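Data file: protein_31.cif. Format and content: mmCIF, C-alpha atoms.
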data_my_file
#
loop_
_atom_site.group_PDB
_atom_site.id
_atom_site.type_symbol
_atom_site.label_atom_id
_atom_site.label_comp_id
_atom_site.auth_asym_id
_atom_site.auth_seq_id
_atom_site.Cartn_x
_atom_site.Cartn_y
_atom_site.Cartn_z
ATOM 1 C CA MET A 113 9.589 3.094 12.868
ATOM 2 C CA ILE A 114 5.985 4.143 12.505
ATOM 3 C CA ASN A 115 4.212 1.414 10.596
ATOM 4 C CA ALA A 116 1.518 3.581 9.075
ATOM 5 C CA LEU A 117 0.647 6.352 6.699
ATOM 6 C CA VAL A 118 -1.313 9.457 7.696
ATOM 7 C CA ILE A 119 -4.119 9.945 5.198
ATOM 8 C CA THR A 120 -6.541 12.651 6.219
ATOM 9 C CA SER A 121 -7.046 15.410 8.866
ATOM 10 C CA LEU A 122 -33.656 5.005 4.286
ATOM 11 C CA ALA A 123 -34.893 3.720 2.029
ATOM 12 C CA THR A 124 -37.080 5.197 -0.698
ATOM 13 C CA LEU A 125 -38.101 2.725 -3.332
ATOM 14 C CA PHE A 126 -37.174 3.243 -6.863
ATOM 15 C CA VAL A 127 -35.371 0.952 -8.940
ATOM 16 C CA VAL A 128 -34.086 -0.438 -14.303
ATOM 17 C CA GLY A 129 -32.024 -1.871 -17.430
ATOM 18 C CA MET A 130 -32.153 -4.186 -20.390
ATOM 19 C CA ALA A 131 -34.332 -7.117 -21.301
ATOM 20 C CA PHE A 132 -34.204 -10.269 -19.222
ATOM 21 C CA ASP A 133 -32.013 -12.959 -20.794
ATOM 22 C CA PRO A 134 -33.935 -16.272 -20.703
ATOM 23 C CA THR A 135 -30.660 -18.211 -21.143
ATOM 24 C CA PHE A 136 -29.337 -16.914 -17.822
ATOM 25 C CA ASP A 137 -29.123 -19.790 -15.328
ATOM 26 C CA ALA A 138 -30.140 -18.285 -12.005
ATOM 27 C CA ASN A 139 -29.067 -21.397 -10.143
ATOM 28 C CA ALA A 140 -25.558 -21.548 -11.568
ATOM 29 C CA PRO A 141 -22.677 -20.734 -9.199
ATOM 30 C CA MET A 142 -21.692 -17.080 -9.191
ATOM 31 C CA PRO A 143 -18.134 -16.091 -10.166
ATOM 32 C CA GLY A 144 -15.576 -15.340 -7.471
ATOM 33 C CA GLY A 145 -16.173 -16.483 -4.351
ATOM 34 C CA ASP A 146 -15.738 -15.984 11.502
ATOM 35 C CA ARG A 147 -13.377 -15.636 14.569
ATOM 36 C CA ILE A 148 -17.001 -16.324 15.523
ATOM 37 C CA ILE A 149 -17.518 -13.954 18.428
ATOM 38 C CA ASP A 150 -21.251 -14.064 17.860
ATOM 39 C CA PRO A 151 -22.597 -17.433 16.675
ATOM 40 C CA SER A 152 -25.172 -15.665 14.495
ATOM 41 C CA VAL A 153 -22.454 -14.184 12.272
ATOM 42 C CA ARG A 154 -22.416 -16.353 9.160
ATOM 43 C CA SER A 155 -19.113 -17.511 7.719
ATOM 44 C CA ALA A 156 -17.573 -15.063 5.270
ATOM 45 C CA VAL A 157 -17.010 -17.828 2.730
ATOM 46 C CA ASP A 158 -20.319 -19.517 1.962
ATOM 47 C CA PRO A 159 -20.847 -21.035 -1.504
ATOM 48 C CA ARG A 160 -24.566 -21.522 -0.913
ATOM 49 C CA LEU A 161 -27.093 -19.215 -2.542
ATOM 50 C CA TYR A 162 -29.907 -17.642 -0.522
ATOM 51 C CA ASP A 163 -33.140 -15.910 -1.529
ATOM 52 C CA ALA A 164 -33.825 -12.232 -0.902
ATOM 53 C CA HIS A 165 -35.241 -9.125 -2.602
ATOM 54 C CA ALA A 166 -33.649 -5.855 -3.668
ATOM 55 C CA THR A 167 -34.677 -2.240 -4.182
ATOM 56 C CA PHE A 168 -32.579 0.913 -4.239
ATOM 57 C CA TYR A 169 -32.466 4.271 -2.507
ATOM 58 C CA GLY A 170 -31.068 7.608 -3.557
ATOM 59 C CA ASP A 171 -30.136 8.925 -6.982
ATOM 60 C CA LEU A 172 -27.300 8.020 -9.333
ATOM 61 C CA GLY A 173 -24.959 10.362 -7.468
ATOM 62 C CA GLY A 174 -25.376 8.296 -4.332
ATOM 63 C CA GLY A 175 -25.428 11.178 -1.855
ATOM 64 C CA GLU A 176 -28.170 9.562 0.201
ATOM 65 C CA THR A 177 -26.042 6.439 0.709
ATOM 66 C CA MET A 178 -23.252 8.257 2.554
ATOM 67 C CA GLN A 179 -22.851 8.012 6.357
ATOM 68 C CA GLY A 180 -25.360 5.493 7.709
ATOM 69 C CA ALA A 181 -25.848 3.057 10.556
ATOM 70 C CA CYS A 182 -22.475 1.336 10.195
ATOM 71 C CA GLY A 183 -20.576 4.494 11.102
ATOM 72 C CA TYR A 184 -18.827 5.029 7.790
ATOM 73 C CA GLY A 185 -18.568 8.534 6.370
ATOM 74 C CA ASP A 186 -17.769 9.585 2.801
ATOM 75 C CA LEU A 187 -17.935 6.213 1.079
ATOM 76 C CA PHE A 188 -16.005 7.530 -1.916
ATOM 77 C CA LYS A 189 -13.059 8.669 0.209
ATOM 78 C CA GLN A 190 -13.177 5.460 2.228
ATOM 79 C CA GLY A 191 -12.955 3.249 -0.859
ATOM 80 C CA TYR A 192 -16.462 1.795 -0.935
ATOM 81 C CA GLY A 193 -17.918 4.099 -3.575
ATOM 82 C CA LEU A 194 -21.436 3.141 -4.611
ATOM 83 C CA ASN A 195 -20.853 -0.616 -4.413
ATOM 84 C CA THR A 196 -22.896 -0.644 -1.231
ATOM 85 C CA ALA A 197 -26.216 -1.635 0.294
ATOM 86 C CA ALA A 198 -28.387 -1.105 3.335
ATOM 87 C CA LEU A 199 -29.403 -4.413 4.903
ATOM 88 C CA SER A 200 -32.712 -5.420 6.440
ATOM 89 C CA THR A 201 -32.885 -6.434 10.108
ATOM 90 C CA ALA A 202 -32.515 -10.122 9.235
ATOM 91 C CA LEU A 203 -29.153 -9.465 7.547
ATOM 92 C CA PHE A 204 -27.880 -6.434 9.483
ATOM 93 C CA ASN A 205 -27.579 -8.420 12.717
ATOM 94 C CA LYS A 206 -27.517 -5.320 14.957
ATOM 95 C CA GLY A 207 -24.541 -3.955 13.034
ATOM 96 C CA LEU A 208 -22.354 -7.052 13.297
ATOM 97 C CA THR A 209 -22.552 -7.520 9.523
ATOM 98 C CA CYS A 210 -21.244 -4.025 8.703
ATOM 99 C CA GLY A 211 -18.339 -4.340 6.279
ATOM 100 C CA ALA A 212 -19.348 -7.779 4.984
ATOM 101 C CA CYS A 213 -19.452 -8.342 1.235
ATOM 102 C CA TYR A 214 -22.117 -10.022 -0.884
ATOM 103 C CA GLU A 215 -22.511 -11.119 -4.469
ATOM 104 C CA ILE A 216 -26.032 -10.667 -5.825
ATOM 105 C CA PHE A 217 -27.978 -11.326 -9.022
ATOM 106 C CA CYS A 218 -31.587 -10.854 -10.103
ATOM 107 C CA VAL A 219 -33.887 -13.844 -10.685
ATOM 108 C CA ASN A 220 -37.439 -14.660 -11.765
ATOM 109 C CA SER A 221 -38.382 -11.218 -13.053
ATOM 110 C CA PRO A 222 -38.889 -9.946 -16.619
ATOM 111 C CA TRP A 223 -36.929 -6.864 -15.527
ATOM 112 C CA CYS A 224 -33.730 -8.723 -14.631
ATOM 113 C CA ILE A 225 -30.452 -7.800 -16.296
ATOM 114 C CA ARG A 226 -27.955 -10.592 -16.695
ATOM 115 C CA GLY A 227 -24.917 -10.319 -14.464
ATOM 116 C CA THR A 228 -23.858 -10.086 -10.845
ATOM 117 C CA ILE A 229 -22.779 -7.310 -8.507
ATOM 118 C CA LYS A 230 -20.546 -7.273 -5.441
ATOM 119 C CA ILE A 231 -21.420 -4.907 -2.618
ATOM 120 C CA THR A 232 -20.321 -4.027 0.917
ATOM 121 C CA ALA A 233 -22.834 -3.656 3.738
ATOM 122 C CA THR A 234 -22.608 -0.027 4.895
ATOM 123 C CA ASN A 235 -26.080 0.873 6.162
ATOM 124 C CA PHE A 236 -29.321 -0.373 7.733
ATOM 125 C CA CYS A 237 -32.714 -0.586 6.050
ATOM 126 C CA PRO A 238 -35.166 -0.160 8.958
ATOM 127 C CA PRO A 239 -38.529 -1.884 9.333
ATOM 128 C CA SER A 240 -41.635 -0.040 8.184
ATOM 129 C CA ASP A 241 -45.181 0.228 9.478
ATOM 130 C CA LYS A 242 -46.297 -0.860 6.005
ATOM 131 C CA PRO A 243 -47.171 -4.507 5.367
ATOM 132 C CA SER A 244 -44.257 -6.668 4.274
ATOM 133 C CA THR A 245 -46.012 -7.248 0.945
ATOM 134 C CA ALA A 246 -46.749 -3.579 0.276
ATOM 135 C CA GLY A 247 -43.695 -1.457 0.934
ATOM 136 C CA GLY A 248 -42.363 -2.964 4.154
ATOM 137 C CA TRP A 249 -39.627 -4.750 2.278
ATOM 138 C CA CYS A 250 -37.147 -4.541 5.165
ATOM 139 C CA ASN A 251 -39.512 -5.848 7.831
ATOM 140 C CA PRO A 252 -38.358 -8.935 9.784
ATOM 141 C CA PRO A 253 -37.920 -11.706 8.895
ATOM 142 C CA LEU A 254 -37.400 -10.621 5.276
ATOM 143 C CA LYS A 255 -33.903 -10.659 3.820
ATOM 144 C CA HIS A 256 -33.538 -7.513 1.777
ATOM 145 C CA PHE A 257 -30.835 -5.415 0.093
ATOM 146 C CA ASP A 258 -31.555 -1.720 -0.428
ATOM 147 C CA LEU A 259 -28.874 -0.998 -3.006
ATOM 148 C CA SER A 260 -27.401 2.205 -4.299
ATOM 149 C CA GLN A 261 -29.149 3.096 -7.548
ATOM 150 C CA LYS A 262 -25.968 2.488 -9.544
ATOM 151 C CA MET A 263 -25.759 -1.085 -8.271
ATOM 152 C CA PHE A 264 -29.438 -1.828 -8.767
ATOM 153 C CA LEU A 265 -29.325 -0.710 -12.389
ATOM 154 C CA GLN A 266 -26.658 -3.303 -13.078
ATOM 155 C CA ILE A 267 -29.021 -6.167 -12.252
ATOM 156 C CA ALA A 268 -32.540 -4.849 -12.965
ATOM 157 C CA GLN A 269 -34.498 -2.201 -14.799
ATOM 158 C CA TYR A 270 -35.591 0.986 -13.022
ATOM 159 C CA LYS A 271 -39.287 0.324 -13.554
ATOM 160 C CA ALA A 272 -39.081 -2.959 -11.668
ATOM 161 C CA GLY A 273 -39.223 -1.226 -8.285
ATOM 162 C CA ILE A 274 -38.377 -4.439 -6.440
ATOM 163 C CA VAL A 275 -36.924 -7.716 -7.712
ATOM 164 C CA PRO A 276 -36.203 -11.143 -6.254
ATOM 165 C CA VAL A 277 -32.490 -11.928 -6.017
ATOM 166 C CA LYS A 278 -30.074 -14.684 -5.098
ATOM 167 C CA TYR A 279 -27.090 -13.806 -2.926
ATOM 168 C CA LYS A 280 -24.089 -15.256 -1.115
ATOM 169 C CA ARG A 281 -21.383 -14.003 1.244
ATOM 170 C CA VAL A 282 -18.016 -13.520 -0.425
ATOM 171 C CA LEU A 283 -14.601 -12.257 0.608
ATOM 172 C CA CYS A 284 -14.021 -8.521 0.325
ATOM 173 C CA ALA A 285 -11.283 -7.364 -2.034
ATOM 174 C CA LYS A 286 -9.894 -3.994 -0.879
ATOM 175 C CA ARG A 287 -6.944 -1.928 -2.052
ATOM 176 C CA GLY A 288 -4.256 -0.835 0.371
ATOM 177 C CA GLY A 289 -4.111 -1.408 4.090
ATOM 178 C CA VAL A 290 -6.825 -1.346 6.733
ATOM 179 C CA GLN A 291 -7.495 2.240 7.799
ATOM 180 C CA PHE A 292 -8.332 3.604 11.221
ATOM 181 C CA GLN A 293 -10.257 6.839 11.760
ATOM 182 C CA LEU A 294 -9.812 8.235 15.264
ATOM 183 C CA LYS A 295 -12.859 9.851 16.843
ATOM 184 C CA GLY A 296 -14.029 10.627 20.372
ATOM 185 C CA ASN A 297 -11.923 12.850 22.643
ATOM 186 C CA PRO A 298 -8.624 12.636 24.607
ATOM 187 C CA ASN A 299 -10.340 10.646 27.381
ATOM 188 C CA TRP A 300 -12.486 8.428 25.176
ATOM 189 C CA LEU A 301 -11.049 6.834 22.071
ATOM 190 C CA LEU A 302 -13.513 5.852 19.350
ATOM 191 C CA VAL A 303 -12.016 4.089 16.340
ATOM 192 C CA LEU A 304 -13.603 3.250 13.001
ATOM 193 C CA PRO A 305 -11.719 0.543 11.079
ATOM 194 C CA PHE A 306 -12.568 0.609 7.387
ATOM 195 C CA ASN A 307 -11.326 -0.658 4.037
ATOM 196 C CA VAL A 308 -11.215 -4.092 5.667
ATOM 197 C CA GLY A 309 -10.599 -6.961 3.257
ATOM 198 C CA GLY A 310 -11.241 -10.673 3.687
ATOM 199 C CA ALA A 311 -14.358 -11.311 5.747
ATOM 200 C CA GLY A 312 -14.816 -7.537 6.028
ATOM 201 C CA ASP A 313 -16.839 -7.538 9.236
ATOM 202 C CA VAL A 314 -14.754 -6.782 12.336
ATOM 203 C CA VAL A 315 -15.876 -8.729 15.399
ATOM 204 C CA ASP A 316 -13.114 -7.891 17.879
ATOM 205 C CA MET A 317 -10.571 -5.100 18.423
ATOM 206 C CA LYS A 318 -7.803 -4.346 20.897
ATOM 207 C CA VAL A 319 -5.672 -1.219 21.272
ATOM 208 C CA LYS A 320 -2.183 -0.740 22.702
ATOM 209 C CA GLY A 321 -0.307 2.418 23.515
ATOM 210 C CA SER A 322 3.494 2.503 23.310
ATOM 211 C CA ARG A 323 3.575 2.664 27.125
ATOM 212 C CA THR A 324 0.656 0.311 27.883
ATOM 213 C CA GLY A 325 -0.360 -3.278 27.327
ATOM 214 C CA TRP A 326 -3.177 -4.488 25.112
ATOM 215 C CA THR A 327 -6.653 -3.257 26.096
ATOM 216 C CA GLN A 328 -9.878 -4.874 24.952
ATOM 217 C CA MET A 329 -12.118 -2.505 22.996
ATOM 218 C CA THR A 330 -15.913 -2.755 22.898
ATOM 219 C CA ARG A 331 -18.212 -2.080 19.976
ATOM 220 C CA ASN A 332 -20.091 1.195 20.427
ATOM 221 C CA TRP A 333 -22.287 1.083 17.303
ATOM 222 C CA GLY A 334 -21.905 -0.102 13.734
ATOM 223 C CA GLN A 335 -18.170 -0.558 13.254
ATOM 224 C CA ASN A 336 -17.112 2.036 15.833
ATOM 225 C CA TRP A 337 -14.962 0.556 18.619
ATOM 226 C CA GLN A 338 -14.212 2.329 21.898
ATOM 227 C CA SER A 339 -11.795 2.445 24.828
ATOM 228 C CA SER A 340 -11.896 4.705 27.884
ATOM 229 C CA ALA A 341 -8.149 4.436 28.551
ATOM 230 C CA VAL A 342 -5.984 7.516 27.972
ATOM 231 C CA TYR A 343 -3.355 7.215 25.237
ATOM 232 C CA GLY A 344 -2.183 10.819 24.792
ATOM 233 C CA GLY A 345 1.428 11.125 23.605
ATOM 234 C CA GLN A 346 1.685 7.417 22.749
ATOM 235 C CA SER A 347 1.826 5.699 19.390
ATOM 236 C CA LEU A 348 -1.170 3.411 18.877
ATOM 237 C CA SER A 349 -1.276 -0.201 17.738
ATOM 238 C CA PHE A 350 -4.425 -2.154 16.939
ATOM 239 C CA GLN A 351 -5.281 -5.831 16.821
ATOM 240 C CA VAL A 352 -8.244 -6.584 14.555
ATOM 241 C CA THR A 353 -10.188 -9.840 14.245
ATOM 242 C CA THR A 354 -12.707 -10.509 11.486
ATOM 243 C CA SER A 355 -15.564 -13.010 11.534
ATOM 244 C CA ASP A 356 -13.535 -15.752 9.830
ATOM 245 C CA ARG A 357 -11.243 -15.965 12.907
ATOM 246 C CA LYS A 358 -8.345 -14.141 11.241
ATOM 247 C CA THR A 359 -6.434 -11.610 13.340
ATOM 248 C CA LEU A 360 -3.938 -8.987 12.207
ATOM 249 C CA THR A 361 -1.793 -6.734 14.383
ATOM 250 C CA PHE A 362 -1.093 -3.207 13.168
ATOM 251 C CA THR A 363 1.929 -1.953 15.075
ATOM 252 C CA ASN A 364 2.392 1.780 15.696
ATOM 253 C CA VAL A 365 -0.288 2.685 13.176
ATOM 254 C CA ALA A 366 -0.791 6.148 14.696
ATOM 255 C CA PRO A 367 2.280 8.193 15.756
ATOM 256 C CA PRO A 368 2.656 9.705 19.258
ATOM 257 C CA ASN A 369 1.241 13.016 18.012
ATOM 258 C CA TRP A 370 -1.951 11.444 16.663
ATOM 259 C CA SER A 371 -5.073 13.573 16.879
ATOM 260 C CA ILE A 372 -8.836 13.122 16.844
ATOM 261 C CA GLY A 373 -10.245 13.396 13.336
ATOM 262 C CA GLN A 374 -7.192 11.931 11.640
ATOM 263 C CA THR A 375 -7.154 8.686 9.639
ATOM 264 C CA TYR A 376 -4.147 6.363 9.673
ATOM 265 C CA GLN A 377 -3.433 3.490 7.331
ATOM 266 C CA GLY A 378 -1.829 0.171 8.238
ATOM 267 C CA ARG A 379 0.523 -1.569 5.838
ATOM 268 C CA SER A 380 -1.424 -4.815 5.563
ATOM 269 C CA ASN A 381 -4.921 -6.139 4.992
ATOM 270 C CA PHE A 382 -6.822 -9.387 5.318
#

As structure tokens, what does this structure read like?
Amino acid sequence: MINALVITSLATLFVVGMAFDPTFDANAPMPGGDRIIDPSVRSAVDPRLYDAHATFYGDLGGGETMQGACGYGDLFKQGYGLNTAALSTALFNKGLTCGACYEIFCVNSPWCIRGTIKITATNFCPPSDKPSTAGGWCNPPLKHFDLSQKMFLQIAQYKAGIVPVKYKRVLCAKRGGVQFQLKGNPNWLLVLPFNVGGAGDVVDMKVKGSRTGWTQMTRNWGQNWQSSAVYGGQSLSFQVTTSDRKTLTFTNVAPPNWSIGQTYQGRSNF
């Protein structure tokens, strides 16, 4: 039985809202909440708060936030919507953090709006030749979130431009199973896992054809994983490990007649 469903054949600065609530305790815990392949990948569950800054890019429609350095495509179709951010070098970790989720709130600014947001890392905010204090907000070693405009406006007023924030890593809550978009060509399989719950950031993947054993995949870029083995005419299974050391096996996710460009959905999630 095929255990899957077939689904489908940087940063400009502007950033607004209501008056800052002086009763808001910025140091209070926020609501809600790594097989460690790379020791620099921080645990997905971390109750500690860290300091950073936030801006936004794009308009309210969010068109400029689509695609990006993590390899995702139409973020609406893939379930992320506009609850996303581009991360600075210090947080992006060469793409290892793609898919991770954060909870963020504004602090120490008269333009703060009370409340928190939860976002998924889907893009990279590159360094600038501008000074870090005058537009180079994403320069190392700064920790910075370049949010979608919709997300920014939930924690700060537009006229703020840039605001200090507190953040922490949290578990990702996703609907439905993990999905796998097949790319590449018949001799080179490139797979994008998305809609990944739990830790969110995939740190290891293996693939198995119905007539082969398990093959280790390597990360090409962002969250795109590759294998040079040939799997034509075989159903495909995947083994996915996230940064909190949890591994799930998705058996026969893609049927024997799978094709490049199709997306297949597993029946489970982290």

Given the PyMOL selection byres ((chain A and resi 366-369) around 10), the residues it picks as number ranges by chain: A: 113-118, 292-294, 321-322, 343-350, 362-365, 370-371, 374-378

Residues in the PyMOL selection byres ((chain A and resi 303) around 8), expressed as number ranges by chain: A: 292-296, 301-302, 304-305, 336-338

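Shortest atom-to-atom contact with Phe257 of chain A among A:Trp333, A:Phe204, A:Phe382, A:Phe188: A:Phe204, counting all atoms listed in the file.
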
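For the pair atom CA of Phe168 of chain A and atom CA of Ala233 of chain A, the separation is 13.4 Å.
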
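Computed from the coordinates, the atom CA of Val219 of chain A to atom CA of Asp313 of chain A distance equals 27.0 Å.
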
Chain and number of each residue from the PyMOL selection byres ((chain A and resi 334) around 7), as a list in words: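 Selection result, ordered by chain and number: Ala181, Cys182, Gly183, Gly207, Leu208, Cys210, Trp333, Gln335 and Asn336 of chain A.
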
Atom pair atom CA of Thr196 of chain A / atom CA of Val319 of chain A: separation (Å): 28.3 Å

Within 8 Å of segment 241-255 of chain A, counting only C-alpha atoms, which residues qualify if same-chain residues fewer than 3 places away don't, as a compact mmCIF listing (two decimals) with C-alpha atoms, in the frame of the given file?
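So part22.txt came out as:
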# COMPACT_ATOMS: atom_id res chain seq x y z
CA ASP A 163 -33.14 -15.91 -1.53
CA ALA A 164 -33.83 -12.23 -0.90
CA HIS A 165 -35.24 -9.12 -2.60
CA LEU A 199 -29.40 -4.41 4.90
CA SER A 200 -32.71 -5.42 6.44
CA THR A 201 -32.88 -6.43 10.11
CA ALA A 202 -32.52 -10.12 9.24
CA LEU A 203 -29.15 -9.46 7.55
CA CYS A 237 -32.71 -0.59 6.05
CA PRO A 238 -35.17 -0.16 8.96

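Among A:Ile372, A:Ala197, A:Met178, A:Ala166, the residue with the shortest atom-to-atom distance to Thr209 of chain A, counting only C-alpha atoms, is A:Ala197.
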
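Proximity of A:Arg331, A:Lys189, A:Lys318, A:Lys230 to Lys280 of chain A, computed with only C-alpha atoms, is greatest for A:Lys230.
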
Residues within 9 Å of Val157 of chain A, all atoms listed in the file, excluding chain neighbours under 6 positions, as a PyMOL selection string: chain A and resi 145+280-283+311+356

Test item: residues at most 8 Å from Cys284 of chain A, only C-alpha atoms, excluding those fewer than 4 positions along its chain, as a PyMOL selection string: chain A and resi 212-213+232+308-312

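Comparing A:His256, A:Arg379, A:Lys358, A:Arg160 by their smallest distance to Arg287 of chain A, the closest is A:Arg379 (using only C-alpha atoms).
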